[in-house]
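Asker: One file: target-v9.pdb (PDB, C-alpha atoms).
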```pdb
ATOM      1  CA  MET C   1      16.413  15.969  24.773  1.00  0.00           C
ATOM      2  CA  PRO C   2      16.871  19.774  24.794  1.00  0.00           C
ATOM      3  CA  PRO C   3      14.625  21.873  22.519  1.00  0.00           C
ATOM      4  CA  SER C   4      17.658  22.770  20.374  1.00  0.00           C
ATOM      5  CA  ASN C   5      17.911  19.108  19.365  1.00  0.00           C
ATOM      6  CA  LEU C   6      14.274  18.738  18.363  1.00  0.00           C
ATOM      7  CA  ALA C   7      13.787  18.370  14.628  1.00  0.00           C
ATOM      8  CA  GLN C   8      11.439  20.296  12.421  1.00  0.00           C
ATOM      9  CA  ALA C   9       8.529  19.028  10.354  1.00  0.00           C
ATOM     10  CA  PRO C  10       9.359  17.888   6.820  1.00  0.00           C
ATOM     11  CA  SER C  11       9.354  20.559   4.128  1.00  0.00           C
ATOM     12  CA  SER C  12       9.227  20.494   0.345  1.00  0.00           C
ATOM     13  CA  ASP C  13      13.029  20.247   0.382  1.00  0.00           C
ATOM     14  CA  THR C  14      12.760  16.797   1.980  1.00  0.00           C
ATOM     15  CA  LEU C  15      10.290  15.351  -0.534  1.00  0.00           C
ATOM     16  CA  LEU C  16      11.103  13.125  -3.503  1.00  0.00           C
ATOM     17  CA  GLU C  17       8.981  11.277  -6.074  1.00  0.00           C
ATOM     18  CA  ILE C  18      10.115   8.116  -7.840  1.00  0.00           C
ATOM     19  CA  ASP C  19       8.155   6.642 -10.756  1.00  0.00           C
ATOM     20  CA  SER C  20       8.448   2.861 -11.055  1.00  0.00           C
ATOM     21  CA  THR C  21       8.670   3.015 -14.834  1.00  0.00           C
ATOM     22  CA  ARG C  22      11.548   5.502 -14.838  1.00  0.00           C
ATOM     23  CA  PRO C  23      14.735   4.050 -16.388  1.00  0.00           C
ATOM     24  CA  LEU C  24      18.091   4.309 -14.695  1.00  0.00           C
ATOM     25  CA  CYS C  25      19.733   7.559 -15.788  1.00  0.00           C
ATOM     26  CA  PRO C  26      22.148  10.171 -14.404  1.00  0.00           C
ATOM     27  CA  LEU C  27      19.228  12.443 -13.448  1.00  0.00           C
ATOM     28  CA  LEU C  28      17.699   9.728 -11.255  1.00  0.00           C
ATOM     29  CA  VAL C  29      21.001   9.307  -9.436  1.00  0.00           C
ATOM     30  CA  ALA C  30      21.281  13.086  -9.087  1.00  0.00           C
ATOM     31  CA  ASP C  31      17.769  13.330  -7.629  1.00  0.00           C
ATOM     32  CA  VAL C  32      18.579  10.859  -4.846  1.00  0.00           C
ATOM     33  CA  ASN C  33      21.927  12.497  -4.099  1.00  0.00           C
ATOM     34  CA  ALA C  34      20.309  15.942  -4.040  1.00  0.00           C
ATOM     35  CA  LEU C  35      17.784  14.723  -1.476  1.00  0.00           C
ATOM     36  CA  CYS C  36      20.635  13.383   0.648  1.00  0.00           C
ATOM     37  CA  ASP C  37      22.454  16.723   0.310  1.00  0.00           C
ATOM     38  CA  ARG C  38      19.421  18.641   1.564  1.00  0.00           C
ATOM     39  CA  LEU C  39      18.836  16.276   4.480  1.00  0.00           C
ATOM     40  CA  GLU C  40      22.491  16.261   5.482  1.00  0.00           C
ATOM     41  CA  ASP C  41      22.508  20.063   5.408  1.00  0.00           C
ATOM     42  CA  ALA C  42      19.574  19.937   7.849  1.00  0.00           C
ATOM     43  CA  GLN C  43      21.827  17.931  10.228  1.00  0.00           C
ATOM     44  CA  GLY C  44      19.108  15.489  11.225  1.00  0.00           C
ATOM     45  CA  ARG C  45      16.494  18.126  12.016  1.00  0.00           C
ATOM     46  CA  THR C  46      14.012  16.762   9.502  1.00  0.00           C
ATOM     47  CA  SER C  47      12.926  13.520   7.819  1.00  0.00           C
ATOM     48  CA  ALA C  48      12.541  12.402   4.214  1.00  0.00           C
ATOM     49  CA  VAL C  49       9.143  11.634   2.729  1.00  0.00           C
ATOM     50  CA  ILE C  50       9.472   9.739  -0.552  1.00  0.00           C
ATOM     51  CA  ARG C  51       6.500   9.037  -2.780  1.00  0.00           C
ATOM     52  CA  LEU C  52       6.772   5.848  -4.831  1.00  0.00           C
ATOM     53  CA  HIS C  53       4.244   5.252  -7.589  1.00  0.00           C
ATOM     54  CA  GLY C  54       3.747   3.660 -10.961  1.00  0.00           C
ATOM     55  CA  THR C  55       1.215   2.265 -13.390  1.00  0.00           C
ATOM     56  CA  GLY C  56       2.974  -1.010 -14.101  1.00  0.00           C
ATOM     57  CA  PRO C  57       6.102  -3.114 -13.540  1.00  0.00           C
ATOM     58  CA  ALA C  58       9.468  -1.783 -14.685  1.00  0.00           C
ATOM     59  CA  GLU C  59       9.868  -4.548 -17.235  1.00  0.00           C
ATOM     60  CA  ASN C  60      13.076  -3.169 -18.750  1.00  0.00           C
ATOM     61  CA  TRP C  61      14.778  -2.059 -15.519  1.00  0.00           C
ATOM     62  CA  PRO C  62      17.459  -0.731 -15.458  1.00  0.00           C
ATOM     63  CA  GLY C  63      17.499  -0.235 -19.217  1.00  0.00           C
ATOM     64  CA  SER C  64      20.498  -0.058 -21.547  1.00  0.00           C
ATOM     65  CA  VAL C  65      23.135   1.363 -19.199  1.00  0.00           C
ATOM     66  CA  GLY C  66      26.799   0.880 -18.344  1.00  0.00           C
ATOM     67  CA  ILE C  67      28.140  -0.605 -15.123  1.00  0.00           C
ATOM     68  CA  ASP C  68      29.536   2.792 -14.067  1.00  0.00           C
ATOM     69  CA  LEU C  69      26.014   4.240 -13.869  1.00  0.00           C
ATOM     70  CA  VAL C  70      24.801   1.140 -12.016  1.00  0.00           C
ATOM     71  CA  SER C  71      27.607   1.629  -9.481  1.00  0.00           C
ATOM     72  CA  ARG C  72      26.701   5.306  -9.008  1.00  0.00           C
ATOM     73  CA  TRP C  73      23.046   4.352  -8.447  1.00  0.00           C
ATOM     74  CA  GLU C  74      23.942   1.746  -5.837  1.00  0.00           C
ATOM     75  CA  LYS C  75      26.204   4.243  -4.045  1.00  0.00           C
ATOM     76  CA  ALA C  76      23.379   6.807  -3.985  1.00  0.00           C
ATOM     77  CA  LEU C  77      20.999   4.212  -2.529  1.00  0.00           C
ATOM     78  CA  ARG C  78      23.539   3.257   0.121  1.00  0.00           C
ATOM     79  CA  ARG C  79      23.993   6.906   1.021  1.00  0.00           C
ATOM     80  CA  LEU C  80      20.227   7.258   1.369  1.00  0.00           C
ATOM     81  CA  GLU C  81      19.982   4.069   3.419  1.00  0.00           C
ATOM     82  CA  GLN C  82      22.698   5.067   5.887  1.00  0.00           C
ATOM     83  CA  GLY C  83      21.756   8.742   6.230  1.00  0.00           C
ATOM     84  CA  ARG C  84      21.291  10.161   9.730  1.00  0.00           C
ATOM     85  CA  PHE C  85      17.641  10.946   9.051  1.00  0.00           C
ATOM     86  CA  ALA C  86      14.408   8.982   8.987  1.00  0.00           C
ATOM     87  CA  LYS C  87      13.065   7.882   5.602  1.00  0.00           C
ATOM     88  CA  ILE C  88       9.341   7.243   5.183  1.00  0.00           C
ATOM     89  CA  VAL C  89       7.915   6.107   1.854  1.00  0.00           C
ATOM     90  CA  ALA C  90       4.313   6.459   0.661  1.00  0.00           C
ATOM     91  CA  ILE C  91       3.434   3.902  -2.015  1.00  0.00           C
ATOM     92  CA  GLU C  92       0.599   4.126  -4.530  1.00  0.00           C
ATOM     93  CA  GLY C  93      -0.005   1.928  -7.562  1.00  0.00           C
ATOM     94  CA  VAL C  94       2.853  -0.315  -8.615  1.00  0.00           C
ATOM     95  CA  CYS C  95       6.210  -0.224  -6.806  1.00  0.00           C
ATOM     96  CA  SER C  96       8.857  -1.631  -9.124  1.00  0.00           C
ATOM     97  CA  GLY C  97      12.271  -0.886 -10.642  1.00  0.00           C
ATOM     98  CA  PRO C  98      13.831   2.228  -9.060  1.00  0.00           C
ATOM     99  CA  ALA C  99      10.908   2.600  -6.639  1.00  0.00           C
ATOM    100  CA  LEU C 100      11.490  -0.905  -5.297  1.00  0.00           C
ATOM    101  CA  ASP C 101      15.184  -0.150  -4.818  1.00  0.00           C
ATOM    102  CA  VAL C 102      14.305   2.968  -2.805  1.00  0.00           C
ATOM    103  CA  LEU C 103      11.589   1.137  -0.847  1.00  0.00           C
ATOM    104  CA  LEU C 104      14.138  -1.313   0.497  1.00  0.00           C
ATOM    105  CA  THR C 105      16.282   1.521   1.934  1.00  0.00           C
ATOM    106  CA  ALA C 106      13.383   3.075   3.883  1.00  0.00           C
ATOM    107  CA  ASP C 107      12.765   3.021   7.638  1.00  0.00           C
ATOM    108  CA  HIS C 108       8.962   2.958   7.396  1.00  0.00           C
ATOM    109  CA  ARG C 109       6.707   2.039   4.469  1.00  0.00           C
ATOM    110  CA  VAL C 110       3.097   3.136   4.039  1.00  0.00           C
ATOM    111  CA  GLY C 111       1.024   1.661   1.218  1.00  0.00           C
ATOM    112  CA  ALA C 112      -2.338   2.558  -0.291  1.00  0.00           C
ATOM    113  CA  PRO C 113      -5.087  -0.011  -0.919  1.00  0.00           C
ATOM    114  CA  GLY C 114      -4.332  -1.702  -4.230  1.00  0.00           C
ATOM    115  CA  THR C 115      -0.584  -1.181  -3.947  1.00  0.00           C
ATOM    116  CA  ARG C 116       1.449  -3.844  -5.722  1.00  0.00           C
ATOM    117  CA  ILE C 117       5.116  -4.699  -5.261  1.00  0.00           C
ATOM    118  CA  ALA C 118       6.432  -5.962  -8.608  1.00  0.00           C
ATOM    119  CA  VAL C 119       9.780  -7.648  -9.224  1.00  0.00           C
ATOM    120  CA  PRO C 120       9.947  -7.781 -13.024  1.00  0.00           C
ATOM    121  CA  VAL C 121      11.727 -10.462 -14.993  1.00  0.00           C
ATOM    122  CA  ASN C 122      13.003 -10.377 -18.564  1.00  0.00           C
ATOM    123  CA  ASN C 123      14.808 -12.937 -20.727  1.00  0.00           C
ATOM    124  CA  ASP C 124      17.953 -12.591 -18.611  1.00  0.00           C
ATOM    125  CA  GLY C 125      16.043 -13.080 -15.366  1.00  0.00           C
ATOM    126  CA  VAL C 126      15.547 -10.704 -12.438  1.00  0.00           C
ATOM    127  CA  TRP C 127      17.997  -7.787 -12.259  1.00  0.00           C
ATOM    128  CA  SER C 128      20.779  -8.797  -9.850  1.00  0.00           C
ATOM    129  CA  GLY C 129      21.301  -5.441  -8.141  1.00  0.00           C
ATOM    130  CA  MET C 130      21.604  -4.895  -4.397  1.00  0.00           C
ATOM    131  CA  ALA C 131      17.825  -5.259  -4.036  1.00  0.00           C
ATOM    132  CA  VAL C 132      18.547  -9.016  -3.955  1.00  0.00           C
ATOM    133  CA  HIS C 133      20.882  -8.477  -0.990  1.00  0.00           C
ATOM    134  CA  ARG C 134      18.474  -6.187   0.878  1.00  0.00           C
ATOM    135  CA  LEU C 135      15.478  -8.449   0.322  1.00  0.00           C
ATOM    136  CA  THR C 136      17.405 -11.454   1.614  1.00  0.00           C
ATOM    137  CA  ASN C 137      18.548  -9.573   4.718  1.00  0.00           C
ATOM    138  CA  GLN C 138      15.100  -8.153   5.419  1.00  0.00           C
ATOM    139  CA  LEU C 139      12.874 -11.130   4.566  1.00  0.00           C
ATOM    140  CA  GLY C 140      15.153 -14.159   4.808  1.00  0.00           C
ATOM    141  CA  GLY C 141      16.330 -16.577   2.175  1.00  0.00           C
ATOM    142  CA  VAL C 142      13.042 -18.446   1.655  1.00  0.00           C
ATOM    143  CA  HIS C 143      10.992 -15.347   0.807  1.00  0.00           C
ATOM    144  CA  ALA C 144      13.836 -13.869  -1.234  1.00  0.00           C
ATOM    145  CA  ARG C 145      14.139 -17.049  -3.278  1.00  0.00           C
ATOM    146  CA  ARG C 146      10.422 -17.066  -4.045  1.00  0.00           C
ATOM    147  CA  ILE C 147      10.458 -13.426  -5.101  1.00  0.00           C
ATOM    148  CA  MET C 148      13.831 -12.862  -6.724  1.00  0.00           C
ATOM    149  CA  LEU C 149      14.635 -16.009  -8.703  1.00  0.00           C
ATOM    150  CA  PHE C 150      11.749 -15.839 -11.138  1.00  0.00           C
ATOM    151  CA  GLY C 151      10.085 -12.481 -10.448  1.00  0.00           C
ATOM    152  CA  ALA C 152       6.881 -11.870  -8.519  1.00  0.00           C
ATOM    153  CA  GLU C 153       4.039  -9.411  -8.027  1.00  0.00           C
ATOM    154  CA  LEU C 154       2.722  -9.021  -4.482  1.00  0.00           C
ATOM    155  CA  SER C 155      -0.562  -7.500  -3.367  1.00  0.00           C
ATOM    156  CA  GLU C 156      -0.470  -4.966  -0.549  1.00  0.00           C
ATOM    157  CA  GLN C 157      -1.853  -7.592   1.840  1.00  0.00           C
ATOM    158  CA  ARG C 158       0.862 -10.101   1.007  1.00  0.00           C
ATOM    159  CA  ALA C 159       3.538  -7.407   1.154  1.00  0.00           C
ATOM    160  CA  LEU C 160       2.147  -6.352   4.546  1.00  0.00           C
ATOM    161  CA  ALA C 161       2.213  -9.930   5.829  1.00  0.00           C
ATOM    162  CA  MET C 162       5.809 -10.381   4.674  1.00  0.00           C
ATOM    163  CA  GLY C 163       6.990  -7.066   6.143  1.00  0.00           C
ATOM    164  CA  LEU C 164       7.763  -5.313   2.863  1.00  0.00           C
ATOM    165  CA  ILE C 165       5.310  -2.587   3.890  1.00  0.00           C
ATOM    166  CA  ASP C 166       4.408  -1.616   7.448  1.00  0.00           C
ATOM    167  CA  GLN C 167       0.852  -0.351   7.106  1.00  0.00           C
ATOM    168  CA  VAL C 168      -1.921   0.262   4.585  1.00  0.00           C
ATOM    169  CA  THR C 169      -4.030   3.414   4.581  1.00  0.00           C
ATOM    170  CA  LYS C 170      -6.247   5.348   2.188  1.00  0.00           C
ATOM    171  CA  ASP C 171      -3.992   8.408   2.350  1.00  0.00           C
ATOM    172  CA  PRO C 172      -0.394   7.185   2.568  1.00  0.00           C
ATOM    173  CA  ALA C 173       1.090  10.616   1.816  1.00  0.00           C
ATOM    174  CA  ALA C 174      -0.671  12.223   4.787  1.00  0.00           C
ATOM    175  CA  VAL C 175       0.264   9.377   7.119  1.00  0.00           C
ATOM    176  CA  ALA C 176       3.874   9.517   5.923  1.00  0.00           C
ATOM    177  CA  ALA C 177       4.009  13.259   6.618  1.00  0.00           C
ATOM    178  CA  ARG C 178       2.682  12.771  10.160  1.00  0.00           C
ATOM    179  CA  LEU C 179       5.153   9.980  10.827  1.00  0.00           C
ATOM    180  CA  ALA C 180       8.002  12.084   9.466  1.00  0.00           C
ATOM    181  CA  GLU C 181       7.120  14.867  11.878  1.00  0.00           C
ATOM    182  CA  ARG C 182       7.047  12.422  14.784  1.00  0.00           C
ATOM    183  CA  PHE C 183      10.282  10.679  13.804  1.00  0.00           C
ATOM    184  CA  THR C 184      12.170  13.977  13.648  1.00  0.00           C
ATOM    185  CA  ARG C 185      11.916  14.121  17.455  1.00  0.00           C
ATOM    186  CA  LEU C 186      14.397  11.238  17.625  1.00  0.00           C
ATOM    187  CA  ASP C 187      18.079  11.965  17.944  1.00  0.00           C
ATOM    188  CA  PRO C 188      19.544  11.467  14.428  1.00  0.00           C
ATOM    189  CA  SER C 189      22.829   9.920  15.554  1.00  0.00           C
ATOM    190  CA  GLU C 190      21.022   7.451  17.808  1.00  0.00           C
ATOM    191  CA  LEU C 191      18.620   6.571  14.979  1.00  0.00           C
ATOM    192  CA  ALA C 192      21.575   5.822  12.702  1.00  0.00           C
ATOM    193  CA  ILE C 193      23.198   3.613  15.355  1.00  0.00           C
ATOM    194  CA  ARG C 194      20.051   1.546  15.877  1.00  0.00           C
ATOM    195  CA  ARG C 195      19.490   1.155  12.153  1.00  0.00           C
ATOM    196  CA  GLN C 196      23.036  -0.144  11.732  1.00  0.00           C
ATOM    197  CA  LEU C 197      22.629  -2.585  14.613  1.00  0.00           C
ATOM    198  CA  ILE C 198      19.516  -3.984  12.926  1.00  0.00           C
ATOM    199  CA  ILE C 199      21.220  -4.271   9.530  1.00  0.00           C
ATOM    200  CA  GLU C 200      24.218  -6.083  11.037  1.00  0.00           C
ATOM    201  CA  ALA C 201      22.208  -8.403  13.289  1.00  0.00           C
ATOM    202  CA  GLY C 202      21.559 -11.010  10.612  1.00  0.00           C
ATOM    203  CA  VAL C 203      25.208 -11.362   9.630  1.00  0.00           C
ATOM    204  CA  THR C 204      27.017 -10.756  12.939  1.00  0.00           C
ATOM    205  CA  ALA C 205      27.597 -13.331  15.677  1.00  0.00           C
ATOM    206  CA  PHE C 206      26.092 -12.515  19.090  1.00  0.00           C
ATOM    207  CA  GLU C 207      29.478 -12.251  20.770  1.00  0.00           C
ATOM    208  CA  GLU C 208      30.762  -9.884  18.084  1.00  0.00           C
ATOM    209  CA  ALA C 209      27.630  -7.714  18.218  1.00  0.00           C
ATOM    210  CA  LEU C 210      27.489  -7.525  22.022  1.00  0.00           C
ATOM    211  CA  GLY C 211      30.104  -4.796  22.364  1.00  0.00           C
ATOM    212  CA  LYS C 212      28.334  -2.476  19.897  1.00  0.00           C
ATOM    213  CA  HIS C 213      24.972  -2.993  21.617  1.00  0.00           C
ATOM    214  CA  LEU C 214      26.468  -2.344  25.049  1.00  0.00           C
ATOM    215  CA  ALA C 215      28.095   0.840  23.734  1.00  0.00           C
ATOM    216  CA  ALA C 216      24.721   2.030  22.403  1.00  0.00           C
ATOM    217  CA  CYS C 217      23.082   1.194  25.745  1.00  0.00           C
ATOM    218  CA  ASP C 218      25.811   3.083  27.591  1.00  0.00           C
ATOM    219  CA  ARG C 219      25.246   6.155  25.408  1.00  0.00           C
ATOM    220  CA  THR C 220      21.530   6.083  26.262  1.00  0.00           C
ATOM    221  CA  LEU C 221      22.154   5.689  30.003  1.00  0.00           C
ATOM    222  CA  ARG C 222      24.752   8.458  30.055  1.00  0.00           C
ATOM    223  CA  ARG C 223      22.438  10.731  28.080  1.00  0.00           C
ATOM    224  CA  SER C 224      19.624  10.117  30.585  1.00  0.00           C
ATOM    225  CA  ARG C 225      21.974  11.177  33.395  1.00  0.00           C
ATOM    226  CA  GLY C 226      23.107  14.254  31.481  1.00  0.00           C
ATOM    227  CA  GLU C 227      26.659  12.920  31.225  1.00  0.00           C
ATOM    228  CA  PHE C 228      26.905  12.610  27.456  1.00  0.00           C
ATOM    229  CA  LEU C 229      27.772  15.574  25.282  1.00  0.00           C
ATOM    230  CA  GLY C 230      27.652  15.374  21.489  1.00  0.00           C
ATOM    231  CA  ALA C 231      30.040  17.108  19.143  1.00  0.00           C
ATOM    232  CA  ASP C 232      27.794  20.192  19.232  1.00  0.00           C
ATOM    233  CA  GLY C 233      27.946  20.341  23.029  1.00  0.00           C
ATOM    234  CA  ASN C 234      24.329  19.296  23.510  1.00  0.00           C
ATOM    235  CA  ALA C 235      23.286  16.341  25.640  1.00  0.00           C
TER     236      ALA C 235
END
```
How does this structure look as structure tokens?
Answerer:
Amino acid sequence: MPPSNLAQAPSSDTLLEIDSTRPLCPLLVADVNALCDRLEDAQGRTSAVIRLHGTGPAENWPGSVGIDLVSRWEKALRRLEQGRFAKIVAIEGVCSGPALDVLLTADHRVGAPGTRIAVPVNNDGVWSGMAVHRLTNQLGGVHARRIMLFGAELSEQRALAMGLIDQVTKDPAAVAARLAERFTRLDPSELAIRRQLIIEAGVTAFEEALGKHLAACDRTLRRSRGEFLGADGNA
């Protein structure tokens, strides 16, 4: 990949903090969209580092809100999930509510010792947002049923074993920053293609998926031979 395509290390403009106990509100939606704006303006030359933290489960998530705000939140999460940039989260304390929603959109998840993943439940049951869909796709129906039907709180070791987090370290923020710097060396469009192939794999038949995988392979082979030019004219 030419030097002009190499990404830069993450800056303060690519950082975001989400508190697990924060209720759903327009400002929360705006914060996620603003992060996406900054990363899209960077055109894939940097990665997002998102710090998720909390002191307890989000027992009243999402709070007393209307369905319009819920829809805007889900659209912001989808935008974050599909962005042509890497997303690394650093988790400390309790990851619940909005932090859990963001966690499930991330490409890599780094937890601290003592981290807990909490799916709160109230009298109406577990909130039926798109976290249910993402958890089922990422963990499978058995794990999702155990977690999402009646609520659950997972230790960092159980979350690690299930694949909800990828590693545990004493300084997740520092590790996340190093990973973000490394991941920015990847081509952003190729990263987005591979992420989409993974997301679709669980719901797409082999024969239907084959063409998309072959197209991605062809792009890689052509790039290695210097035959492929992107929209910016770079290989």
Asker: Where does the PyMOL selection byres ((chain C and resi 77-93) around 7) land in this file, that is, which residues does it pick, as a count of residues only?
Answerer: 40
Asker: Please write the residues picked by the PyMOL selection byres ((chain C and resi 56-66) around 7) on this file as a VMD selection string.
Answerer: chain C and resid 20 to 21 23 to 24 54 to 55 67 to 70 94 96 to 97 118 120 to 122
Asker: In Å, rounded to a single decimal, give me how far atom CA of C:Glu227 is from atom CA of C:Glu200.
Answerer: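 Between these atoms lies a distance of 27.8 Å.
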Asker: Pick out the closest residue to C:Asp171 from this set: C:Leu100, C:Arg22, C:Leu35, C:Pro113. Count only C-alpha atoms.
Answerer: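 Looking at the shortest contact to C:Asp171, the residue is C:Pro113.
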Asker: Given all atoms listed in the file as the basis, pick out the residue of C:Arg72, C:Arg45, C:Arg185, C:Arg194 nearest to C:Ala30.
Answerer: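 Comparing C:Arg72, C:Arg45, C:Arg185, C:Arg194 against C:Ala30, the winner is C:Arg72.
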Asker: Can you measure atom CA of C:Gly211 to atom CA of C:Arg225 for me? One decimal in Å is fine.
Answerer: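 Distance reported for this atom pair: 21.0 Å.
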Asker: Between atom CA of C:Leu28 and atom CA of C:Ser71, what distance in Å does the model show, to one decimal?
Answerer: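 Computing the Euclidean distance for atom CA of C:Leu28 and atom CA of C:Ser71 yields 12.9 Å.
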Asker: Show me as number ranges by chain the residues that reach within 9 Å of (18.9, -4.3, -6.3), counting only C-alpha atoms and using the file's own coordinates.
Answerer: C: 74, 97-98, 100-101, 104, 127-135
